[in-house]
Amino acid sequence: MTTYNLALIGFGGVNRALAELIRDEPQRFASLGFGLRIVAITDLALGSLVQAEGIDLGAALSMPRGTSFAGLPGGSPDPRNEEVIRNSPADIVVEATFTSPVDGEPAVSHVKWALESGKHVVSTNKGPVALRGTELSKLAADNGVRFEYEGAVMSGTPVIRLAHKMLGGLKLTAVQGILNGTSNYVLGRMEAGLGLDEAIIEAQDLGYAEADPTADIAGSDVRLKVAILANELLGASIHPSEVSTTGIQDITSADVSKALAAGLRWKLIGEARRNADGSIVASVQPVALAADHPLAGISGATNAVSFTTDLLGAVTVSGPGAGRVETAYALISDIMAVNEFVKGAVRA
Ligand SMILES: NC(=O)C1=CN([C@@H]2O[C@H](COP(=O)(O)OP(=O)(O)OC[C@H]3O[C@@H](n4cnc5c(N)ncnc54)[C@H](O)[C@@H]3O)[C@@H](O)[C@H]2O)C=CC1
Ligand SMILES: N[C@@H](CC=O)C(=O)O
């Protein structure tokens with residue numbers, strides 16, 4: 001059985017959840033036909049750690065706040081991302097640092113260093129995909145490796161790969177959905193009587209929010225996801241700045257109560273549509289949906305996306321849109337895709 005060596009770049013909620021699954025449930029991976037060993041970890045707060053024989057995950061996961069990997073064999077107080085990505089004995093680099101909606105950095109560089117070094121990349125980071133996706137996928141192909149990013153849209157809920165694999169024979173003209181777990185959770189909690197700020201704190205505690213939750217509330221997170229879906233599935237080549245974006249920051253508790261009394265629910269809707277002339281229009285905006293609208297019942301951190309197709313009409317996928325373990329599962333599904341690629345290459 002093949003065992004893949006992983007380097008985790010960023011050791012926050014998502015990559016910690018992945019490390020816990022690898023430590024606690026090796027049989028899950030064995031049943032998939034491969035083993036996983038974490039040989040390197042870097043993080044802004046902890047520094048870096050490289051142990052070619054496999055890191056003691058119990059020790060790494062229980063590092064007290066404010067300490068660094070410097071005290072461990074192979075440890076350093078600095079993240080040393082480039083050195084670790086290029087030179088550690090990893091087969092797969094797992095990129096889960098902060099998403100930058102502006103330029104995708106430093107994650108874009110992390111992905112490039114890995115691909116240039118002949119390492120596969122699996123990532124939940126939306127920045128590199130939305131802002132430099134075409135270039136990075138080409139770099140992966142040129143180096144004979146994979147760049148997989150299922151978790152960039154709707155966490156572990158299968159969307160990107162599912163649409164590529166299962167909807168390929170259809171003409172897709174639009175994607176529309178609730179694509180941010182935090183804002184949907186926050187709107188639901190406001191319906192229950194909480195203020196915006198209190199609801200955001202809850203979403204942070206639950207691991208849904210971005211490091212800067214403004215991205216969730218003001219819509220830049222959904223803007224990246226809309227650009228990814230438009231480019232991946234509608235054949236567009238749009239930059240996130242072309243997605244007109246309004247968040248939920250100006251929706252007040254009074255607005256929420258008034259809507260509820262009228263049988264409406266506020267939702268943050270992301271949409272991309274191909275016009276008859278081939279042009280693409282894309283937007284993010286709050287909409288007060290009637291209770292019988294298919295997206296009105298999507299609550300909490302659950303998300304849903306609906307594809308408008310020629311032969312099937314609307315095809316809708318719903319599931320978790322955020323969460324630490326839920327997003328770690330996206331990385332596992334990406335590693336499964338890498339494994340299929342590797343096995344296919346061996347057979348060919
Ligand atoms: N939490 C969720 O539900 C989801 C998260 N994502 C994305 O996954 C990524 C990770 O998310 P979380 O783990 O929740 O975030 P987090 O904020 O808990 O963890 C990110 C970690 O990356 C580290 N980091 C930041 N910049 C770094 C750098 N230059 N070098 C080394 N380490 C660095 C931070 O110190 C932090 O520990 C983010 O890009 C996020 O947008 C995507 C889908 C869902
Ligand atoms: N902060 C994001 C996490 C997933 O992309 C969200 O809440 O949806």
# chains A, B, ... in the order shown; residues from 1 in each chain; ligands from 1

$ select_by_dssp --residues "stretch 240-306 of chain A" --states "strand (DSSP E)" --output "JSON, numbers by chain"
{"A": [244, 245, 264, 265, 266, 267, 268, 269, 270, 271, 272, 273, 274, 280, 281, 282, 283, 284, 285, 286, 287, 288, 289, 290, 302, 303, 304, 305, 306]}

$ write_last_selection --atoms "C-alpha atoms" --output "PDB file, in the first residue's frame"
ATOM      1  CA  SER A 244     -20.510  42.995  -8.213  1.00  0.00           C
ATOM      2  CA  THR A 245     -20.578  42.476  -4.464  1.00  0.00           C
ATOM      3  CA  LEU A 264     -39.296  36.281   4.064  1.00  0.00           C
ATOM      4  CA  ARG A 265     -35.738  35.217   4.999  1.00  0.00           C
ATOM      5  CA  TRP A 266     -32.610  37.205   4.176  1.00  0.00           C
ATOM      6  CA  LYS A 267     -29.944  35.140   2.406  1.00  0.00           C
ATOM      7  CA  LEU A 268     -26.620  36.111   0.858  1.00  0.00           C
ATOM      8  CA  ILE A 269     -26.897  34.888  -2.725  1.00  0.00           C
ATOM      9  CA  GLY A 270     -23.956  34.366  -5.081  1.00  0.00           C
ATOM     10  CA  GLU A 271     -24.711  33.934  -8.742  1.00  0.00           C
ATOM     11  CA  ALA A 272     -23.020  33.689 -12.141  1.00  0.00           C
ATOM     12  CA  ARG A 273     -24.958  33.495 -15.391  1.00  0.00           C
ATOM     13  CA  ARG A 274     -23.952  33.110 -19.044  1.00  0.00           C
ATOM     14  CA  ILE A 280     -20.963  36.364 -18.002  1.00  0.00           C
ATOM     15  CA  VAL A 281     -22.674  38.387 -15.290  1.00  0.00           C
ATOM     16  CA  ALA A 282     -21.821  37.603 -11.688  1.00  0.00           C
ATOM     17  CA  SER A 283     -23.009  39.048  -8.410  1.00  0.00           C
ATOM     18  CA  VAL A 284     -23.163  38.651  -4.643  1.00  0.00           C
ATOM     19  CA  GLN A 285     -26.046  40.312  -2.817  1.00  0.00           C
ATOM     20  CA  PRO A 286     -28.443  39.822   0.073  1.00  0.00           C
ATOM     21  CA  VAL A 287     -31.934  38.859  -1.051  1.00  0.00           C
ATOM     22  CA  ALA A 288     -35.094  38.461   1.054  1.00  0.00           C
ATOM     23  CA  LEU A 289     -36.412  35.123  -0.200  1.00  0.00           C
ATOM     24  CA  ALA A 290     -40.020  33.970   0.054  1.00  0.00           C
ATOM     25  CA  THR A 302     -25.242  24.658   5.496  1.00  0.00           C
ATOM     26  CA  ASN A 303     -24.807  25.910   1.934  1.00  0.00           C
ATOM     27  CA  ALA A 304     -26.480  25.010  -1.343  1.00  0.00           C
ATOM     28  CA  VAL A 305     -25.704  25.587  -4.992  1.00  0.00           C
ATOM     29  CA  SER A 306     -28.042  25.147  -7.914  1.00  0.00           C
TER      30      SER A 306
END

$ residues_near_ligand --ligand "ligand 1" --cutoff "6 Å" --atoms "only C-alpha atoms and all ligand atoms" --output "ChimeraX atom specification"
/A:9-15,42-45,79,96-99,106,124-125,151-152,155,207-208,210-211,322-324,327

$ write_last_selection --atoms "C-alpha atoms" --output "PDB file, in the first residue's frame"
ATOM      1  CA  ILE A   9       1.303  24.632   5.493  1.00  0.00           C
ATOM      2  CA  GLY A  10      -0.794  26.432   8.107  1.00  0.00           C
ATOM      3  CA  PHE A  11      -1.736  24.571  11.280  1.00  0.00           C
ATOM      4  CA  GLY A  12      -5.080  26.176  12.103  1.00  0.00           C
ATOM      5  CA  GLY A  13      -8.550  24.698  12.413  1.00  0.00           C
ATOM      6  CA  VAL A  14      -8.693  22.790   9.125  1.00  0.00           C
ATOM      7  CA  ASN A  15      -5.205  21.269   9.029  1.00  0.00           C
ATOM      8  CA  THR A  42       4.652  25.094   9.254  1.00  0.00           C
ATOM      9  CA  ASP A  43       2.618  27.829  10.895  1.00  0.00           C
ATOM     10  CA  LEU A  44       3.075  31.547  11.532  1.00  0.00           C
ATOM     11  CA  ALA A  45       2.549  31.042  15.270  1.00  0.00           C
ATOM     12  CA  PRO A  79       7.765  29.047   9.489  1.00  0.00           C
ATOM     13  CA  ALA A  96      -4.479  25.854   4.468  1.00  0.00           C
ATOM     14  CA  THR A  97      -3.152  29.290   5.416  1.00  0.00           C
ATOM     15  CA  PHE A  98      -5.267  32.463   5.429  1.00  0.00           C
ATOM     16  CA  THR A  99      -7.182  33.300   2.240  1.00  0.00           C
ATOM     17  CA  PRO A 106       1.403  34.069   0.258  1.00  0.00           C
ATOM     18  CA  THR A 124      -8.825  24.756   0.883  1.00  0.00           C
ATOM     19  CA  ASN A 125      -7.522  28.253   0.185  1.00  0.00           C
ATOM     20  CA  GLY A 151     -12.703  22.686  -0.312  1.00  0.00           C
ATOM     21  CA  ALA A 152     -12.429  26.134  -1.895  1.00  0.00           C
ATOM     22  CA  SER A 155     -16.136  22.991   2.348  1.00  0.00           C
ATOM     23  CA  GLY A 207     -14.556  27.425  13.137  1.00  0.00           C
ATOM     24  CA  TYR A 208     -16.691  28.774  10.290  1.00  0.00           C
ATOM     25  CA  GLU A 210     -12.312  33.581   8.057  1.00  0.00           C
ATOM     26  CA  ALA A 211      -9.411  34.940  10.142  1.00  0.00           C
ATOM     27  CA  ALA A 322     -17.879  25.551   6.570  1.00  0.00           C
ATOM     28  CA  GLY A 323     -16.434  23.760   9.592  1.00  0.00           C
ATOM     29  CA  ARG A 324     -13.066  22.366  10.583  1.00  0.00           C
ATOM     30  CA  THR A 327     -13.310  21.107   5.400  1.00  0.00           C
TER      31      THR A 327
END

$ select_by_dssp --residues "stretch 256-309 of chain A" --states "alpha helix (DSSP H)" --output "PyMOL selection string"
chain A and resi 256-261

$ write_last_selection --atoms "N, CA and C atoms" --output "PDB file, in the first residue's frame"
ATOM      1  N   VAL A 256     -34.210  42.022   9.668  1.00  0.00           N
ATOM      2  CA  VAL A 256     -34.426  40.568   9.745  1.00  0.00           C
ATOM      3  C   VAL A 256     -35.811  40.274  10.317  1.00  0.00           C
ATOM      4  N   SER A 257     -36.174  40.988  11.400  1.00  0.00           N
ATOM      5  CA  SER A 257     -37.489  40.748  12.031  1.00  0.00           C
ATOM      6  C   SER A 257     -38.620  41.131  11.086  1.00  0.00           C
ATOM      7  N   LYS A 258     -38.438  42.265  10.406  1.00  0.00           N
ATOM      8  CA  LYS A 258     -39.475  42.725   9.481  1.00  0.00           C
ATOM      9  C   LYS A 258     -39.690  41.693   8.361  1.00  0.00           C
ATOM     10  N   ALA A 259     -38.584  41.158   7.853  1.00  0.00           N
ATOM     11  CA  ALA A 259     -38.691  40.156   6.785  1.00  0.00           C
ATOM     12  C   ALA A 259     -39.414  38.918   7.299  1.00  0.00           C
ATOM     13  N   LEU A 260     -39.006  38.453   8.481  1.00  0.00           N
ATOM     14  CA  LEU A 260     -39.641  37.244   9.044  1.00  0.00           C
ATOM     15  C   LEU A 260     -41.156  37.436   9.169  1.00  0.00           C
ATOM     16  N   ALA A 261     -41.543  38.620   9.659  1.00  0.00           N
ATOM     17  CA  ALA A 261     -42.982  38.895   9.844  1.00  0.00           C
ATOM     18  C   ALA A 261     -43.716  38.851   8.511  1.00  0.00           C
TER      19      ALA A 261
END

$ residues_around --residues "stretch 167-173 of chain A" --least-positions-apart "4" --cutoff "12 Å" --atoms "only C-alpha atoms" --output "PyMOL selection string"
chain A and resi 159-163+229-236+271-282+306-316

$ residues_around --residues "A:Val94" --least-positions-apart "5" --cutoff "8 Å" --atoms "only C-alpha atoms" --output "short mmCIF file (atom, residue, chain, number, x, y, z; two decimals) with N, CA and C atoms, in the first residue's frame"
data_model
loop_
_atom_site.label_atom_id
_atom_site.label_comp_id
_atom_site.auth_asym_id
_atom_site.auth_seq_id
_atom_site.Cartn_x
_atom_site.Cartn_y
_atom_site.Cartn_z
N LEU A 6 2.93 13.98 3.78
CA LEU A 6 2.27 15.28 3.68
C LEU A 6 3.08 16.36 4.38
N ALA A 7 3.08 17.57 3.79
CA ALA A 7 3.57 18.78 4.47
C ALA A 7 2.36 19.68 4.66
N LEU A 8 2.07 20.03 5.91
CA LEU A 8 0.92 20.91 6.20
C LEU A 8 1.42 22.35 6.30
N ILE A 9 0.92 23.21 5.45
CA ILE A 9 1.30 24.63 5.49
C ILE A 9 0.12 25.38 6.09
N ASN A 15 -6.31 22.23 9.08
CA ASN A 15 -5.21 21.27 9.03
C ASN A 15 -5.05 20.50 10.35
N VAL A 121 -0.43 19.40 -4.82
CA VAL A 121 -0.99 20.35 -3.85
C VAL A 121 -2.46 20.07 -3.66
N VAL A 122 -2.89 19.98 -2.40
CA VAL A 122 -4.31 19.98 -2.08
C VAL A 122 -4.53 21.20 -1.20
N SER A 123 -5.62 21.93 -1.43
CA SER A 123 -5.78 23.20 -0.73
C SER A 123 -7.24 23.55 -0.52
N LEU A 331 -10.05 17.99 1.95
CA LEU A 331 -8.63 17.65 1.69
C LEU A 331 -8.48 16.15 1.46
#

$ closest_residue --among "A:Val186, A:Ala296, A:Ala345, A:Leu57" --to "ligand 2" --atoms "only C-alpha atoms and all ligand atoms"
A:Val186

$ closest_residue --among "A:Gly177, A:Pro294, A:Gly195, A:Pro158" --to "A:Pro320" --atoms "only C-alpha atoms"
A:Pro158

$ closest_residue --among "A:Ser299, A:Ser333, A:Thr246, A:Ser88" --to "A:Gly74" --atoms "only C-alpha atoms"
A:Ser88

$ atom_distance --atom1 "atom CA of A:Thr157" --atom2 "atom CA of A:Leu194"
27.7 Å

$ decode --residues "stretch 47-179 of chain A" --atoms "C-alpha atoms" --output "mmCIF file, in the first residue's frame"
data_model
loop_
_atom_site.group_PDB
_atom_site.id
_atom_site.type_symbol
_atom_site.label_atom_id
_atom_site.label_comp_id
_atom_site.auth_asym_id
_atom_site.auth_seq_id
_atom_site.Cartn_x
_atom_site.Cartn_y
_atom_site.Cartn_z
ATOM 1 C CA GLY A 47 7.342 27.892 13.269
ATOM 2 C CA SER A 48 8.236 24.756 11.364
ATOM 3 C CA LEU A 49 8.797 21.113 12.089
ATOM 4 C CA VAL A 50 10.254 18.499 9.742
ATOM 5 C CA GLN A 51 10.566 14.834 10.768
ATOM 6 C CA ALA A 52 11.085 12.556 7.789
ATOM 7 C CA GLU A 53 10.001 9.445 9.697
ATOM 8 C CA GLY A 54 6.655 11.023 10.563
ATOM 9 C CA ILE A 55 5.767 13.687 13.102
ATOM 10 C CA ASP A 56 4.477 12.665 16.519
ATOM 11 C CA LEU A 57 1.026 14.208 16.011
ATOM 12 C CA GLY A 58 0.095 13.909 19.672
ATOM 13 C CA ALA A 59 3.009 16.215 20.538
ATOM 14 C CA ALA A 60 2.399 18.627 17.642
ATOM 15 C CA LEU A 61 -1.328 18.908 18.348
ATOM 16 C CA SER A 62 -0.837 19.553 22.027
ATOM 17 C CA MET A 63 1.742 22.346 21.728
ATOM 18 C CA PRO A 64 0.695 24.952 24.316
ATOM 19 C CA ARG A 65 -0.353 28.384 22.990
ATOM 20 C CA GLY A 66 2.608 30.756 22.774
ATOM 21 C CA THR A 67 5.223 28.003 22.342
ATOM 22 C CA SER A 68 6.985 27.035 19.123
ATOM 23 C CA PHE A 69 8.275 23.908 17.419
ATOM 24 C CA ALA A 70 11.847 25.092 18.198
ATOM 25 C CA GLY A 71 12.132 22.729 21.177
ATOM 26 C CA LEU A 72 11.356 19.608 19.110
ATOM 27 C CA PRO A 73 13.843 17.651 16.956
ATOM 28 C CA GLY A 74 13.610 19.112 13.428
ATOM 29 C CA GLY A 75 11.853 22.187 14.789
ATOM 30 C CA SER A 76 12.433 25.884 14.166
ATOM 31 C CA PRO A 77 10.751 29.020 15.552
ATOM 32 C CA ASP A 78 10.294 30.400 11.984
ATOM 33 C CA PRO A 79 7.765 29.047 9.489
ATOM 34 C CA ARG A 80 10.457 28.539 6.747
ATOM 35 C CA ASN A 81 7.690 27.830 4.246
ATOM 36 C CA GLU A 82 9.778 27.881 1.091
ATOM 37 C CA GLU A 83 12.501 25.618 2.469
ATOM 38 C CA VAL A 84 9.955 23.157 3.866
ATOM 39 C CA ILE A 85 7.812 23.120 0.711
ATOM 40 C CA ARG A 86 10.750 22.703 -1.639
ATOM 41 C CA ASN A 87 12.999 20.413 0.414
ATOM 42 C CA SER A 88 10.965 18.354 2.879
ATOM 43 C CA PRO A 89 10.305 14.748 1.836
ATOM 44 C CA ALA A 90 6.622 15.464 1.155
ATOM 45 C CA ASP A 91 4.709 14.031 -1.799
ATOM 46 C CA ILE A 92 1.691 16.278 -1.177
ATOM 47 C CA VAL A 93 1.638 19.842 0.164
ATOM 48 C CA VAL A 94 -1.558 20.704 2.060
ATOM 49 C CA GLU A 95 -2.086 24.476 1.830
ATOM 50 C CA ALA A 96 -4.479 25.854 4.468
ATOM 51 C CA THR A 97 -3.152 29.290 5.416
ATOM 52 C CA PHE A 98 -5.267 32.463 5.429
ATOM 53 C CA THR A 99 -7.182 33.300 2.240
ATOM 54 C CA SER A 100 -6.168 36.661 0.778
ATOM 55 C CA PRO A 101 -9.001 38.000 -1.397
ATOM 56 C CA VAL A 102 -6.635 40.667 -2.809
ATOM 57 C CA ASP A 103 -3.744 38.804 -4.399
ATOM 58 C CA GLY A 104 -3.963 35.264 -3.008
ATOM 59 C CA GLU A 105 -0.538 35.582 -1.376
ATOM 60 C CA PRO A 106 1.403 34.069 0.258
ATOM 61 C CA ALA A 107 -0.605 30.986 -0.652
ATOM 62 C CA VAL A 108 -0.036 31.485 -4.399
ATOM 63 C CA SER A 109 3.718 31.271 -3.770
ATOM 64 C CA HIS A 110 3.291 28.217 -1.539
ATOM 65 C CA VAL A 111 1.394 26.436 -4.323
ATOM 66 C CA LYS A 112 3.946 27.460 -6.966
ATOM 67 C CA TRP A 113 6.936 26.308 -4.906
ATOM 68 C CA ALA A 114 5.279 22.942 -4.361
ATOM 69 C CA LEU A 115 4.271 22.378 -7.985
ATOM 70 C CA GLU A 116 7.678 23.495 -9.283
ATOM 71 C CA SER A 117 9.248 20.944 -6.912
ATOM 72 C CA GLY A 118 7.138 18.144 -8.370
ATOM 73 C CA LYS A 119 4.825 17.926 -5.339
ATOM 74 C CA HIS A 120 1.045 17.626 -5.566
ATOM 75 C CA VAL A 121 -0.985 20.349 -3.845
ATOM 76 C CA VAL A 122 -4.312 19.981 -2.084
ATOM 77 C CA SER A 123 -5.775 23.197 -0.733
ATOM 78 C CA THR A 124 -8.825 24.756 0.883
ATOM 79 C CA ASN A 125 -7.522 28.253 0.185
ATOM 80 C CA LYS A 126 -9.775 30.188 -2.199
ATOM 81 C CA GLY A 127 -7.268 32.905 -3.081
ATOM 82 C CA PRO A 128 -4.922 30.967 -5.388
ATOM 83 C CA VAL A 129 -7.814 29.273 -7.192
ATOM 84 C CA ALA A 130 -9.946 32.379 -7.744
ATOM 85 C CA LEU A 131 -7.075 34.708 -8.612
ATOM 86 C CA ARG A 132 -4.458 32.496 -10.291
ATOM 87 C CA GLY A 133 -6.242 29.191 -10.876
ATOM 88 C CA THR A 134 -5.589 28.784 -14.608
ATOM 89 C CA GLU A 135 -1.890 29.515 -14.280
ATOM 90 C CA LEU A 136 -1.464 27.166 -11.301
ATOM 91 C CA SER A 137 -3.359 24.300 -12.921
ATOM 92 C CA LYS A 138 -1.127 24.668 -15.991
ATOM 93 C CA LEU A 139 1.958 24.682 -13.777
ATOM 94 C CA ALA A 140 0.711 21.462 -12.169
ATOM 95 C CA ALA A 141 0.145 19.827 -15.554
ATOM 96 C CA ASP A 142 3.569 20.966 -16.792
ATOM 97 C CA ASN A 143 5.158 19.315 -13.751
ATOM 98 C CA GLY A 144 3.138 16.102 -13.955
ATOM 99 C CA VAL A 145 1.389 16.660 -10.625
ATOM 100 C CA ARG A 146 -2.102 17.617 -9.392
ATOM 101 C CA PHE A 147 -3.477 20.851 -7.942
ATOM 102 C CA GLU A 148 -6.771 19.946 -6.194
ATOM 103 C CA TYR A 149 -9.014 22.395 -4.317
ATOM 104 C CA GLU A 150 -12.450 20.908 -3.672
ATOM 105 C CA GLY A 151 -12.703 22.686 -0.312
ATOM 106 C CA ALA A 152 -12.429 26.134 -1.895
ATOM 107 C CA VAL A 153 -16.196 26.054 -2.499
ATOM 108 C CA MET A 154 -18.670 24.649 0.055
ATOM 109 C CA SER A 155 -16.136 22.991 2.348
ATOM 110 C CA GLY A 156 -16.291 19.160 2.157
ATOM 111 C CA THR A 157 -19.551 19.097 0.211
ATOM 112 C CA PRO A 158 -18.691 17.802 -3.265
ATOM 113 C CA VAL A 159 -19.309 20.548 -5.809
ATOM 114 C CA ILE A 160 -16.400 21.235 -8.163
ATOM 115 C CA ARG A 161 -15.315 17.667 -8.860
ATOM 116 C CA LEU A 162 -18.898 16.410 -8.829
ATOM 117 C CA ALA A 163 -19.927 18.979 -11.432
ATOM 118 C CA HIS A 164 -16.885 18.248 -13.610
ATOM 119 C CA LYS A 165 -17.375 14.485 -13.441
ATOM 120 C CA MET A 166 -21.163 14.168 -13.438
ATOM 121 C CA LEU A 167 -22.516 17.226 -15.258
ATOM 122 C CA GLY A 168 -19.979 17.266 -18.113
ATOM 123 C CA GLY A 169 -22.556 16.156 -20.700
ATOM 124 C CA LEU A 170 -24.868 19.080 -19.927
ATOM 125 C CA LYS A 171 -24.824 22.726 -20.943
ATOM 126 C CA LEU A 172 -24.602 24.807 -17.771
ATOM 127 C CA THR A 173 -25.861 28.351 -18.080
ATOM 128 C CA ALA A 174 -25.958 29.517 -14.460
ATOM 129 C CA VAL A 175 -24.880 28.732 -10.909
ATOM 130 C CA GLN A 176 -26.681 30.261 -7.965
ATOM 131 C CA GLY A 177 -26.499 29.580 -4.275
ATOM 132 C CA ILE A 178 -25.742 30.247 -0.653
ATOM 133 C CA LEU A 179 -21.975 29.905 -0.605
#
